[in-house]
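K.L.:
Got a structure for you, query34.txt, holding compact mmCIF, C-alpha atoms and all ligand atoms.
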```
# COMPACT_ATOMS: atom_id res chain seq x y z
CA MET A 484 -12.41 -30.56 -2.34
CA LYS A 485 -14.88 -28.07 -0.87
CA ILE A 486 -14.99 -24.86 1.14
CA THR A 487 -16.95 -25.66 4.30
CA ASP A 488 -16.98 -22.30 6.09
CA ALA A 489 -15.37 -18.89 6.23
CA LYS A 490 -15.09 -16.41 9.10
CA VAL A 491 -14.41 -12.68 9.12
CA PHE A 492 -12.61 -10.98 12.02
CA VAL A 493 -12.29 -7.20 12.46
CA GLY A 494 -9.78 -5.77 14.92
CA GLY A 495 -6.17 -5.79 15.94
CA PRO A 496 -3.51 -3.99 17.94
CA GLY A 497 -3.97 -0.29 17.08
CA LYS A 498 -5.60 -1.19 13.72
CA ASN A 499 -8.88 -2.60 12.47
CA TYR A 500 -7.46 -5.46 10.44
CA VAL A 501 -10.12 -7.33 8.43
CA THR A 502 -9.06 -10.98 8.36
CA LEU A 503 -10.77 -13.74 6.39
CA LYS A 504 -10.24 -17.40 7.25
CA ILE A 505 -11.52 -19.97 4.73
CA MET A 506 -11.95 -23.55 5.95
CA THR A 507 -12.06 -26.67 3.76
CA ASP A 508 -13.22 -30.27 4.07
CA GLN A 509 -9.57 -31.39 4.02
CA GLY A 510 -8.57 -29.47 7.13
CA VAL A 511 -6.43 -26.99 5.15
CA PHE A 512 -7.38 -23.35 5.71
CA GLY A 513 -6.43 -20.11 3.96
CA LEU A 514 -6.05 -16.53 5.21
CA GLY A 515 -6.83 -13.25 3.48
CA ASP A 516 -6.69 -9.53 4.34
CA ALA A 517 -9.56 -7.17 3.41
CA THR A 518 -8.42 -4.17 5.46
CA LEU A 519 -9.59 -0.92 3.85
CA ASN A 520 -8.20 1.84 6.04
CA ASN A 521 -10.91 3.69 7.97
CA ARG A 522 -13.73 1.91 6.09
CA GLU A 523 -13.02 -1.54 7.53
CA THR A 524 -16.58 -2.60 8.37
CA LEU A 525 -17.64 -2.33 4.71
CA PRO A 526 -15.51 -5.07 3.07
CA ALA A 527 -16.24 -7.15 6.20
CA ALA A 528 -20.00 -6.78 5.60
CA TYR A 529 -19.63 -7.51 1.87
CA LEU A 530 -17.78 -10.71 2.75
CA ARG A 531 -20.22 -11.82 5.44
CA ASP A 532 -23.45 -10.89 3.67
CA TYR A 533 -22.76 -11.85 0.02
CA LEU A 534 -19.47 -13.57 -0.64
CA VAL A 535 -19.04 -16.14 2.14
CA PRO A 536 -22.54 -17.68 1.61
CA ASN A 537 -21.62 -18.17 -2.08
CA LEU A 538 -18.17 -19.55 -1.30
CA ILE A 539 -19.45 -22.45 0.76
CA GLY A 540 -19.43 -25.60 -1.36
CA MET A 541 -17.03 -24.21 -4.00
CA ASP A 542 -13.77 -26.00 -4.84
CA PRO A 543 -11.07 -23.75 -3.32
CA ARG A 544 -8.52 -24.87 -5.91
CA ASN A 545 -10.39 -22.99 -8.68
CA SER A 546 -9.15 -19.57 -7.58
CA GLU A 547 -9.34 -18.10 -11.10
CA ASP A 548 -12.95 -19.11 -11.67
CA ILE A 549 -13.95 -17.98 -8.17
CA TRP A 550 -12.35 -14.56 -8.80
CA GLN A 551 -14.21 -14.21 -12.13
CA PHE A 552 -17.45 -15.42 -10.53
CA PHE A 553 -17.38 -12.65 -7.93
CA TYR A 554 -15.99 -9.90 -10.18
CA ARG A 555 -18.20 -10.50 -13.20
CA GLY A 556 -21.06 -11.77 -11.09
CA ALA A 557 -21.31 -8.54 -9.08
CA TYR A 558 -22.39 -6.75 -12.27
CA PHE A 559 -21.41 -3.39 -10.67
CA ARG A 560 -17.66 -3.77 -11.03
CA ARG A 561 -14.57 -2.47 -9.27
CA GLY A 562 -14.37 -0.07 -6.33
CA PRO A 563 -12.15 -0.49 -3.27
CA ILE A 564 -14.77 -2.11 -1.01
CA ALA A 565 -15.63 -4.94 -3.40
CA MET A 566 -12.04 -5.39 -4.56
CA ALA A 567 -10.74 -5.60 -0.98
CA ALA A 568 -13.32 -8.31 -0.26
CA PHE A 569 -12.45 -10.24 -3.47
CA GLY A 570 -8.76 -9.68 -2.65
CA ALA A 571 -9.09 -11.39 0.73
CA ILE A 572 -10.78 -14.42 -0.85
CA ASP A 573 -8.15 -14.63 -3.57
CA MET A 574 -5.24 -14.46 -1.09
CA ALA A 575 -6.85 -17.15 1.05
CA LEU A 576 -7.33 -19.44 -1.97
CA TRP A 577 -3.67 -18.99 -2.99
CA ASP A 578 -2.70 -19.71 0.61
CA ILE A 579 -4.67 -22.98 0.40
CA LYS A 580 -3.11 -23.80 -2.98
CA GLY A 581 0.40 -23.29 -1.58
CA LYS A 582 -0.36 -25.44 1.46
CA LEU A 583 -1.75 -28.23 -0.77
CA ALA A 584 1.37 -28.05 -2.96
CA ASN A 585 3.55 -27.81 0.18
CA MET A 586 5.34 -24.84 -1.41
CA PRO A 587 5.78 -21.17 -0.55
CA LEU A 588 3.74 -19.05 -2.96
CA TYR A 589 6.74 -17.54 -4.72
CA GLN A 590 7.52 -21.06 -6.02
CA LEU A 591 4.09 -21.25 -7.66
CA PHE A 592 4.73 -17.87 -9.34
CA GLY A 593 8.05 -18.96 -10.88
CA GLY A 594 10.54 -19.13 -8.04
CA LYS A 595 12.90 -16.55 -6.58
CA SER A 596 14.40 -13.80 -8.72
CA ARG A 597 16.37 -12.29 -5.82
CA ASP A 598 17.64 -13.09 -2.34
CA GLY A 599 16.01 -10.20 -0.52
CA ALA A 600 13.57 -7.47 -1.55
CA MET A 601 14.56 -3.87 -0.80
CA VAL A 602 12.09 -2.03 1.42
CA TYR A 603 11.68 1.62 2.34
CA ALA A 604 10.83 3.04 5.72
CA HIS A 605 8.93 6.22 6.61
CA ALA A 606 11.13 8.98 8.02
CA THR A 607 9.09 11.89 9.36
CA GLY A 608 9.87 15.15 11.11
CA ALA A 609 8.00 18.04 12.65
CA ASP A 610 10.71 20.17 11.00
CA LEU A 611 13.84 19.53 8.93
CA PRO A 612 16.32 18.83 11.80
CA ASP A 613 13.75 16.43 13.28
CA LEU A 614 13.39 14.70 9.89
CA MET A 615 17.19 14.45 9.54
CA ASP A 616 17.30 12.62 12.91
CA SER A 617 14.55 10.27 11.76
CA VAL A 618 16.39 9.49 8.49
CA ALA A 619 19.64 8.91 10.43
CA ARG A 620 17.91 6.38 12.69
CA TYR A 621 16.79 4.32 9.67
CA VAL A 622 20.19 4.58 7.96
CA ASP A 623 21.81 3.32 11.19
CA GLN A 624 19.44 0.33 11.14
CA GLY A 625 20.65 -0.58 7.64
CA TYR A 626 17.78 0.76 5.54
CA LYS A 627 18.86 1.57 1.99
CA ALA A 628 15.76 3.61 1.17
CA VAL A 629 13.60 6.06 3.13
CA ARG A 630 10.51 8.08 2.36
CA VAL A 631 10.88 11.60 3.79
CA GLN A 632 7.93 13.73 4.97
CA CYS A 633 8.39 17.00 6.81
CA GLY A 634 6.37 19.69 8.58
CA ILE A 635 6.21 22.80 6.35
CA PRO A 636 7.18 26.15 7.90
CA ALA A 637 4.23 28.51 8.48
CA MET A 638 1.67 25.84 7.51
CA PRO A 639 -1.30 26.48 9.85
CA THR A 640 -1.57 22.78 10.88
CA THR A 641 0.62 19.69 10.80
CA GLY A 642 0.93 18.36 7.25
CA TYR A 643 0.44 14.93 5.75
CA ALA A 644 1.87 12.10 7.90
CA VAL A 645 4.18 14.21 10.06
CA PRO A 646 4.32 14.41 13.85
CA GLU A 647 2.98 17.46 15.69
CA LYS A 648 6.05 17.65 17.92
CA THR A 649 9.76 17.03 17.45
CA GLY A 650 10.64 13.36 17.97
CA GLY A 651 7.04 12.18 17.62
CA GLN A 652 6.71 8.60 16.40
CA GLY A 653 3.94 6.39 15.15
CA ASP A 654 1.11 6.35 12.64
CA PHE A 655 0.02 9.94 12.05
CA ILE A 656 -2.84 9.04 9.74
CA THR A 657 -5.68 7.39 11.62
CA ASP A 658 -7.26 9.22 14.50
CA PHE A 659 -9.22 6.77 16.66
CA SER A 660 -11.15 9.42 18.57
CA GLY A 661 -14.18 8.84 16.30
CA ILE A 662 -15.43 8.91 12.73
CA ARG A 663 -15.50 12.69 12.39
CA PRO A 664 -12.18 13.62 10.80
CA LYS A 665 -9.69 16.22 11.97
CA ILE A 666 -9.07 19.02 9.52
CA GLU A 667 -5.61 19.80 8.15
CA ILE A 668 -4.93 23.09 6.39
CA TRP A 669 -2.84 22.99 3.22
CA ASP A 670 -1.04 25.71 1.30
CA THR A 671 0.66 24.68 -1.94
CA ASP A 672 2.85 27.78 -2.22
CA ARG A 673 4.44 27.25 1.21
CA TYR A 674 5.05 23.60 0.35
CA LEU A 675 6.62 24.43 -3.01
CA ARG A 676 8.88 27.10 -1.46
CA PHE A 677 10.17 24.69 1.21
CA MET A 678 10.25 21.09 -0.01
CA PRO A 679 12.78 21.24 -2.89
CA THR A 680 15.40 22.84 -0.61
CA ALA A 681 14.66 20.36 2.17
CA LEU A 682 15.13 17.42 -0.22
CA ALA A 683 18.44 18.90 -1.45
CA GLU A 684 19.67 19.24 2.16
CA ILE A 685 18.75 15.63 2.90
CA ARG A 686 20.73 14.50 -0.16
CA ASP A 687 23.75 16.63 0.93
CA ARG A 688 23.70 15.21 4.42
CA PHE A 689 23.26 11.51 3.53
CA GLY A 690 25.24 11.30 0.28
CA PRO A 691 24.54 9.66 -3.07
CA GLU A 692 23.85 6.07 -1.99
CA LEU A 693 20.68 6.58 0.06
CA LYS A 694 17.50 6.10 -1.94
CA ILE A 695 15.23 9.04 -1.11
CA LEU A 696 11.48 8.89 -1.78
CA HIS A 697 8.88 11.59 -1.25
CA ASP A 698 5.05 11.41 -1.20
CA VAL A 699 3.12 14.48 -2.41
CA HIS A 700 -0.14 12.75 -1.50
CA HIS A 701 -2.12 13.95 -4.53
CA ARG A 702 -1.92 17.64 -3.58
CA LEU A 703 -0.52 19.38 -6.67
CA THR A 704 -2.04 20.30 -10.01
CA PRO A 705 -0.35 18.80 -13.08
CA ARG A 706 1.45 22.08 -13.85
CA GLU A 707 2.68 22.51 -10.26
CA ALA A 708 3.77 18.87 -10.16
CA ALA A 709 5.68 19.22 -13.43
CA ALA A 710 7.54 22.27 -12.09
CA PHE A 711 8.29 20.51 -8.77
CA ALA A 712 9.50 17.30 -10.45
CA LYS A 713 11.79 19.37 -12.68
CA GLU A 714 13.15 21.44 -9.80
CA VAL A 715 14.08 18.38 -7.69
CA GLU A 716 15.87 16.54 -10.52
CA PRO A 717 19.35 17.29 -9.07
CA VAL A 718 18.35 15.51 -5.82
CA GLY A 719 18.07 12.24 -7.74
CA LEU A 720 14.93 10.98 -6.00
CA PHE A 721 14.24 7.25 -6.16
CA TRP A 722 10.64 8.32 -6.71
CA LEU A 723 8.16 11.13 -6.39
CA GLU A 724 4.86 9.63 -5.30
CA ASP A 725 1.30 10.67 -6.14
CA PRO A 726 2.24 14.14 -7.41
CA THR A 727 -1.35 14.69 -8.66
CA PRO A 728 -4.73 13.08 -7.90
CA ALA A 729 -4.36 9.76 -9.64
CA GLU A 730 -7.79 9.47 -11.28
CA ASP A 731 -6.68 11.62 -14.19
CA GLN A 732 -4.32 9.34 -16.10
CA ASP A 733 -3.68 11.96 -18.79
CA ALA A 734 -2.46 14.53 -16.26
CA LEU A 735 0.75 12.59 -15.99
CA ARG A 736 1.70 13.44 -19.54
CA LEU A 737 2.53 17.03 -18.59
CA ILE A 738 4.81 15.91 -15.73
CA ARG A 739 6.52 13.39 -18.01
CA HIS A 740 7.14 15.95 -20.72
CA HIS A 741 8.90 18.29 -18.31
CA SER A 742 10.87 16.04 -16.00
CA THR A 743 12.84 12.81 -15.71
CA THR A 744 12.14 12.44 -11.96
CA PRO A 745 10.74 8.89 -11.50
CA ILE A 746 7.03 8.85 -10.71
CA ALA A 747 5.19 6.32 -8.51
CA ILE A 748 1.40 6.11 -8.49
CA GLY A 749 -1.31 3.63 -7.64
CA GLU A 750 -2.01 3.12 -3.93
CA VAL A 751 -5.65 4.12 -4.44
CA PHE A 752 -6.13 2.01 -7.58
CA ASN A 753 -8.16 -1.17 -7.50
CA SER A 754 -8.10 -2.37 -11.09
CA VAL A 755 -5.88 -2.57 -14.14
CA TRP A 756 -8.41 -0.21 -15.73
CA ASP A 757 -7.21 2.51 -13.33
CA CYS A 758 -3.64 2.31 -14.61
CA ASN A 759 -3.52 0.65 -18.03
CA ARG A 760 -2.89 3.95 -19.85
CA LEU A 761 -0.34 5.07 -17.25
CA ILE A 762 1.54 1.83 -17.86
CA GLU A 763 1.10 1.41 -21.61
CA ASP A 764 1.99 5.04 -22.34
CA GLU A 765 4.98 4.73 -19.96
CA LEU A 766 3.90 7.74 -17.91
CA ILE A 767 5.00 6.24 -14.57
CA ASP A 768 8.04 4.33 -13.33
CA PHE A 769 6.53 2.44 -10.37
CA ILE A 770 3.08 0.94 -9.88
CA ARG A 771 1.87 1.19 -6.26
CA ILE A 772 -1.28 -0.93 -6.28
CA ALA A 773 -1.82 -3.15 -3.23
CA VAL A 774 -2.78 -6.82 -3.33
CA THR A 775 -5.57 -6.07 -0.82
CA TYR A 776 -7.78 -3.56 -2.61
CA GLY A 777 -6.31 -4.44 -6.00
CA GLY A 778 -8.50 -7.55 -5.79
CA GLY A 779 -5.89 -10.09 -4.71
CA ILE A 780 -2.93 -11.92 -6.18
CA THR A 781 -4.72 -13.06 -9.37
CA PRO A 782 -5.39 -9.60 -10.88
CA VAL A 783 -2.36 -7.85 -9.37
CA LYS A 784 0.04 -10.41 -10.85
CA ARG A 785 -1.42 -9.54 -14.27
CA ILE A 786 -0.77 -5.84 -13.63
CA VAL A 787 2.83 -6.69 -12.68
CA ASP A 788 3.25 -8.54 -15.97
CA LEU A 789 1.76 -5.66 -17.99
CA ALA A 790 4.03 -3.21 -16.14
CA GLY A 791 7.07 -5.36 -16.95
CA LEU A 792 6.44 -4.88 -20.67
CA HIS A 793 6.71 -1.11 -20.21
CA HIS A 794 9.73 -0.64 -17.90
CA VAL A 795 7.41 -0.02 -14.96
CA ARG A 796 8.62 -1.61 -11.72
CA THR A 797 6.63 -2.60 -8.63
CA GLY A 798 6.42 -0.51 -5.48
CA PHE A 799 3.44 -2.07 -3.71
CA HIS A 800 1.62 -0.02 -1.12
CA GLY A 801 2.62 -1.15 2.37
CA ALA A 802 1.12 1.43 4.72
CA PRO A 803 0.55 0.10 8.25
CA SER A 804 -3.11 -0.43 7.40
CA HIS A 805 -2.22 -3.63 5.51
CA SER A 806 -2.13 -6.68 7.75
CA PRO A 807 0.82 -9.10 7.74
CA ILE A 808 -1.34 -11.38 5.53
CA SER A 809 -1.46 -9.09 2.49
CA MET A 810 2.10 -7.97 3.19
CA ALA A 811 3.08 -11.66 2.95
CA ALA A 812 1.28 -11.95 -0.41
CA GLN A 813 3.38 -8.98 -1.56
CA HIS A 814 6.59 -10.49 -0.15
CA HIS A 815 5.98 -13.56 -2.34
CA LEU A 816 5.27 -11.43 -5.44
CA ASN A 817 8.36 -9.35 -4.66
CA ALA A 818 10.55 -12.45 -4.42
CA TRP A 819 9.38 -13.52 -7.89
CA ALA A 820 8.61 -10.38 -9.94
CA PRO A 821 11.25 -9.84 -12.64
CA ASN A 822 10.30 -6.14 -12.54
CA PHE A 823 10.42 -5.75 -8.76
CA GLY A 824 11.29 -2.20 -7.66
CA ILE A 825 10.88 -1.68 -3.92
CA GLN A 826 8.41 -2.48 -1.11
CA GLU A 827 6.98 0.05 1.33
CA TYR A 828 7.37 -1.47 4.76
CA LEU A 829 6.50 -0.22 8.20
CA VAL A 830 7.61 -2.29 11.09
CA LEU A 831 4.40 -3.75 12.40
CA GLY A 832 6.48 -5.99 14.61
CA THR A 833 4.95 -5.15 17.95
CA PRO A 834 4.75 -8.23 20.19
CA GLU A 835 0.93 -7.97 19.95
CA CYS A 836 0.94 -7.97 16.14
CA ASP A 837 3.44 -10.86 16.00
CA ALA A 838 1.26 -12.84 18.43
CA LEU A 839 -1.83 -12.29 16.27
CA PHE A 840 -0.07 -13.06 12.95
CA PRO A 841 2.92 -15.36 13.61
CA SER A 842 5.28 -15.73 10.61
CA ASP A 843 8.91 -16.24 9.56
CA HIS A 844 9.02 -13.38 7.04
CA ALA A 845 11.96 -11.32 8.30
CA MET A 846 13.60 -7.98 7.62
CA HIS A 847 17.39 -7.68 7.74
CA ASP A 848 19.34 -4.55 6.81
CA GLY A 849 16.49 -3.04 4.85
CA MET A 850 15.89 -6.23 2.85
CA MET A 851 12.83 -8.48 3.24
CA GLN A 852 13.57 -12.20 3.36
CA VAL A 853 10.50 -14.18 2.32
CA SER A 854 9.44 -17.18 4.41
CA ASP A 855 9.78 -20.70 2.98
CA ALA A 856 6.70 -21.98 4.79
CA PRO A 857 3.95 -23.37 2.48
CA GLY A 858 1.36 -20.88 1.20
CA LEU A 859 1.50 -17.28 2.41
CA GLY A 860 3.60 -18.27 5.43
CA VAL A 861 1.49 -16.36 7.97
CA ASP A 862 -0.75 -17.78 10.68
CA PHE A 863 -3.64 -16.18 12.59
CA ASP A 864 -4.20 -16.79 16.29
CA GLU A 865 -7.94 -16.68 16.91
CA SER A 866 -7.59 -16.59 20.69
CA GLU A 867 -5.45 -13.43 20.29
CA ALA A 868 -8.02 -12.02 17.85
CA ALA A 869 -10.72 -12.37 20.53
CA ARG A 870 -8.92 -9.61 22.48
CA TYR A 871 -9.72 -6.96 19.86
CA ASP A 872 -12.83 -5.13 18.66
CA TYR A 873 -13.51 -2.65 15.88
CA LYS A 874 -12.61 0.92 16.86
CA PRO A 875 -14.03 3.77 14.76
CA GLY A 876 -11.35 6.05 13.33
CA SER A 877 -10.75 8.46 10.50
CA HIS A 878 -8.16 9.98 8.19
CA PRO A 879 -7.87 13.74 8.47
CA VAL A 880 -9.46 15.76 5.68
CA VAL A 881 -7.75 18.71 4.04
CA ARG A 882 -8.99 22.24 3.42
CA LEU A 883 -7.27 25.30 2.01
CA GLU A 884 -7.04 28.36 4.29
CA ASP A 885 -10.24 29.82 2.83
CA GLY A 886 -12.11 26.60 3.62
CA THR A 887 -12.07 24.96 0.17
CA MET A 888 -11.91 21.15 0.39
CA TRP A 889 -8.64 19.73 -0.96
CA HIS A 890 -7.15 16.28 -1.58
CA TYR A 891 -5.97 14.29 1.45
C1 LIG A 901 1.62 5.72 1.72
C2 LIG A 901 0.26 6.27 1.79
C3 LIG A 901 -0.50 6.00 3.03
C4 LIG A 901 -1.93 6.49 2.95
C5 LIG A 901 -2.82 5.61 3.76
C6 LIG A 901 -4.25 6.01 3.66
O1 LIG A 901 2.32 6.10 0.81
O2 LIG A 901 1.94 4.87 2.55
O3 LIG A 901 0.18 7.54 1.27
O4 LIG A 901 0.14 6.37 4.19
O5 LIG A 901 -2.05 7.80 3.36
O6 LIG A 901 -2.66 4.30 3.32
O7 LIG A 901 -5.04 5.10 4.33
MG MG A 902 1.41 7.32 -0.55
```
What would you get if you wrote out this structure as structure tokens?

P.N.:
Amino acid sequence: MKITDAKVFVGGPGKNYVTLKIMTDQGVFGLGDATLNNRETLPAAYLRDYLVPNLIGMDPRNSEDIWQFFYRGAYFRRGPIAMAAFGAIDMALWDIKGKLANMPLYQLFGGKSRDGAMVYAHATGADLPDLMDSVARYVDQGYKAVRVQCGIPAMPTTGYAVPEKTGGQGDFITDFSGIRPKIEIWDTDRYLRFMPTALAEIRDRFGPELKILHDVHHRLTPREAAAFAKEVEPVGLFWLEDPTPAEDQDALRLIRHHSTTPIAIGEVFNSVWDCNRLIEDELIDFIRIAVTYGGGITPVKRIVDLAGLHHVRTGFHGAPSHSPISMAAQHHLNAWAPNFGIQEYLVLGTPECDALFPSDHAMHDGMMQVSDAPGLGVDFDESEAARYDYKPGSHPVVRLEDGTMWHY
């Protein structure tokens, strides 16, 4: 069996999804996602210029050897651009494998460990009453878990992932007006004075059953994060995410020594070598790596197994930047993983997105039900894809009030 061709598409409804389609001499094709938010053209170019020409002629069933060939063969290892490109190939090869076996991928991993996988939604508010309304809407829809982000009083600009105005909806991260980013102003003291009380009020209003998550988005120092994690212990958070910039694996030790609040880290990781100490030293509770820029199913499944040895559960990244293809890969891992924790999930389900990526994966009452279709269980409509082009966009960047650059 041979790979005969592979095509890369960039575009989508309100997103620049990077979609890889690998064709074979037996008519079976596989799909992969290489979307790297706001840097989408780079994994696409890596695929087109270097990887696809090497793929042609390879046996698509040898997904392990192909992964090693690209990873080891690159010589300069790791990094989100390369790993997103390898990830797309790996997903597509697993998709082909599942279609050849006529089985959904979770069966190839070891079958189902649960009926549905719990997801969390993003509740956001320009201020606390606005956030309460947003949480209530998700609770009414049956969600069991919500991530809560709120505008901070007296902060000079809107904060991370919150709407500018009350009732605002949507993706507050990418600004498609061009590649020059907007600037957000951050003040840690104002955040630390406000957020613990806000979290306590959310717990009071919604009671003990709701799983409440909060994303600090890398903005605190280890000492500040330790104090914050300790202060919010009575709220009983499901997790506190990215309390510090995640490159410094040892920083987590200070937080761990001062608090029992569960910690989730990893959405910016792309290798086991970014998180092996965090896992082996049991400094985190949830690993957030994504199948896309974690290099695909092959390496991420190994991270899940390592995590399972150390009481670390999964909480794969599921920001709207991931296409339904990599989300499907995660749905299959979530159905299988003995140490599954939760899945971040934003309803992509616009009619346009469903038309581009038809699938039977379905969300009911805050639980994801994995599709039983062979492979990943997602299709890609090329005639729909022809409607979209790449649109330049950017994340905001963050500065302190005196102009110092800070972590986004
Ligand atoms: C999350 C993340 C994202 C990131 C985004 C960056 O927890 O979902 O923090 O929203 O900001 O993926 O591209
Ligand atoms: Mg996050």

K.L.:
Using atom O7 of ligand LIG 901 (chain A) and CA of Arg771 (chain A) as the two end points, give the distance in Å to one decimal.

P.N.:
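Interatomic distance, atom O7 of ligand LIG 901 (chain A) to CA of Arg771 (chain A): 13.2 Å.
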
K.L.:
Between A:Leu693, A:Ala637, A:Ile572, A:Ala609, single out the one closest to Ile668 (chain A), counting all atoms listed in the file.

P.N.:
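Using all atoms listed in the file, the shortest distance to Ile668 (chain A) belongs to A:Ala637.
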
K.L.:
I need the residue nearest Asp848 (chain A) from this list: A:Gly824, A:Gly599, A:Pro807, A:Gly540. Use only C-alpha atoms for the distance.

P.N.:
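Using only C-alpha atoms, Asp848 (chain A) sits closest to A:Gly599.
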
K.L.:
Distance limit 9 Å, reference ligand MG 902 (chain A), atoms considered: only C-alpha atoms and all ligand atoms. Which residues make the cut? Give them as number ranges by chain.

P.N.:
A: 697-701, 724-725, 747-751, 771, 800, 802

K.L.:
Taking into account only C-alpha atoms, which residue in the set A:Pro857, A:Pro705, A:Pro745, A:Gly876 is nearest to Thr657 (chain A)?

P.N.:
A:Gly876

K.L.:
From the set A:Ala710, A:Leu723, A:Ala527, A:Ala856, which residue has the shortest atom-to-atom contact distance to ligand LIG 901 (chain A), counting all atoms listed in the file?

P.N.:
A:Leu723

K.L.:
With distances taken over only C-alpha atoms and all ligand atoms, which of A:Pro728, A:Gly494, A:Pro536, A:Gly849 is nearest to ligand LIG 901 (chain A)?

P.N.:
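With only C-alpha atoms and all ligand atoms as the atom set, the closest residue is A:Pro728.
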
K.L.:
Rank nothing, just name the residue among A:Arg555, A:Lys498, A:Lys490, A:Lys504 nearest to ligand LIG 901 (chain A), using all atoms listed in the file.

P.N.:
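Between A:Arg555, A:Lys498, A:Lys490, A:Lys504, the residue approaching ligand LIG 901 (chain A) most closely is A:Lys498.
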
K.L.:
Please return as a PyMOL selection string every residue within 8 Å of (4.4, -16.8, 5.1), taking into account only C-alpha atoms and the file's own coordinates.

P.N.:
chain A and resi 587+808+811-812+842-844+853-862

K.L.:
From (-2.4, 22.1, 7.7), in the file's coordinates, out to 12 Å: which residues are reached, counting all atoms listed in the file? Answer as number ranges by chain.

P.N.:
A: 633-647, 665-671, 673-674, 879-884, 886, 889-891

K.L.:
So how far away is CA of Ile505 (chain A) from CA of Trp756 (chain A), in Å?

P.N.:
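Straight-line distance from CA of Trp756 (chain A) to CA of Ile505 (chain A) works out to 28.6 Å.
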
K.L.:
Could you pull the residues within 7 Å of Phe569 (chain A), counting all atoms listed in the file, minus those fewer than 6 positions along the same chain, as number ranges by chain?

P.N.:
A: 550, 778-779

K.L.:
Do a neighbour search on Ile780 (chain A) at 8 Å with all atoms listed in the file, toss out local chain neighbours closer than 5 positions, and write the hits as a list in words.

P.N.:
Gly570, Asp573, Met574, Trp577, Val774 and Ala812 of chain A

K.L.:
May I have the residues within 9 Å of Leu792 (chain A) as a compact mmCIF listing (two decimals) with C-alpha atoms, keeping the file's coordinate frame, using only C-alpha atoms and disregarding those fewer than 5 positions away in the same chain?

P.N.:
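Final file, out-v8.txt:
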```
# COMPACT_ATOMS: atom_id res chain seq x y z
CA ILE A 762 1.54 1.83 -17.86
CA GLU A 763 1.10 1.41 -21.61
CA VAL A 787 2.83 -6.69 -12.68
```
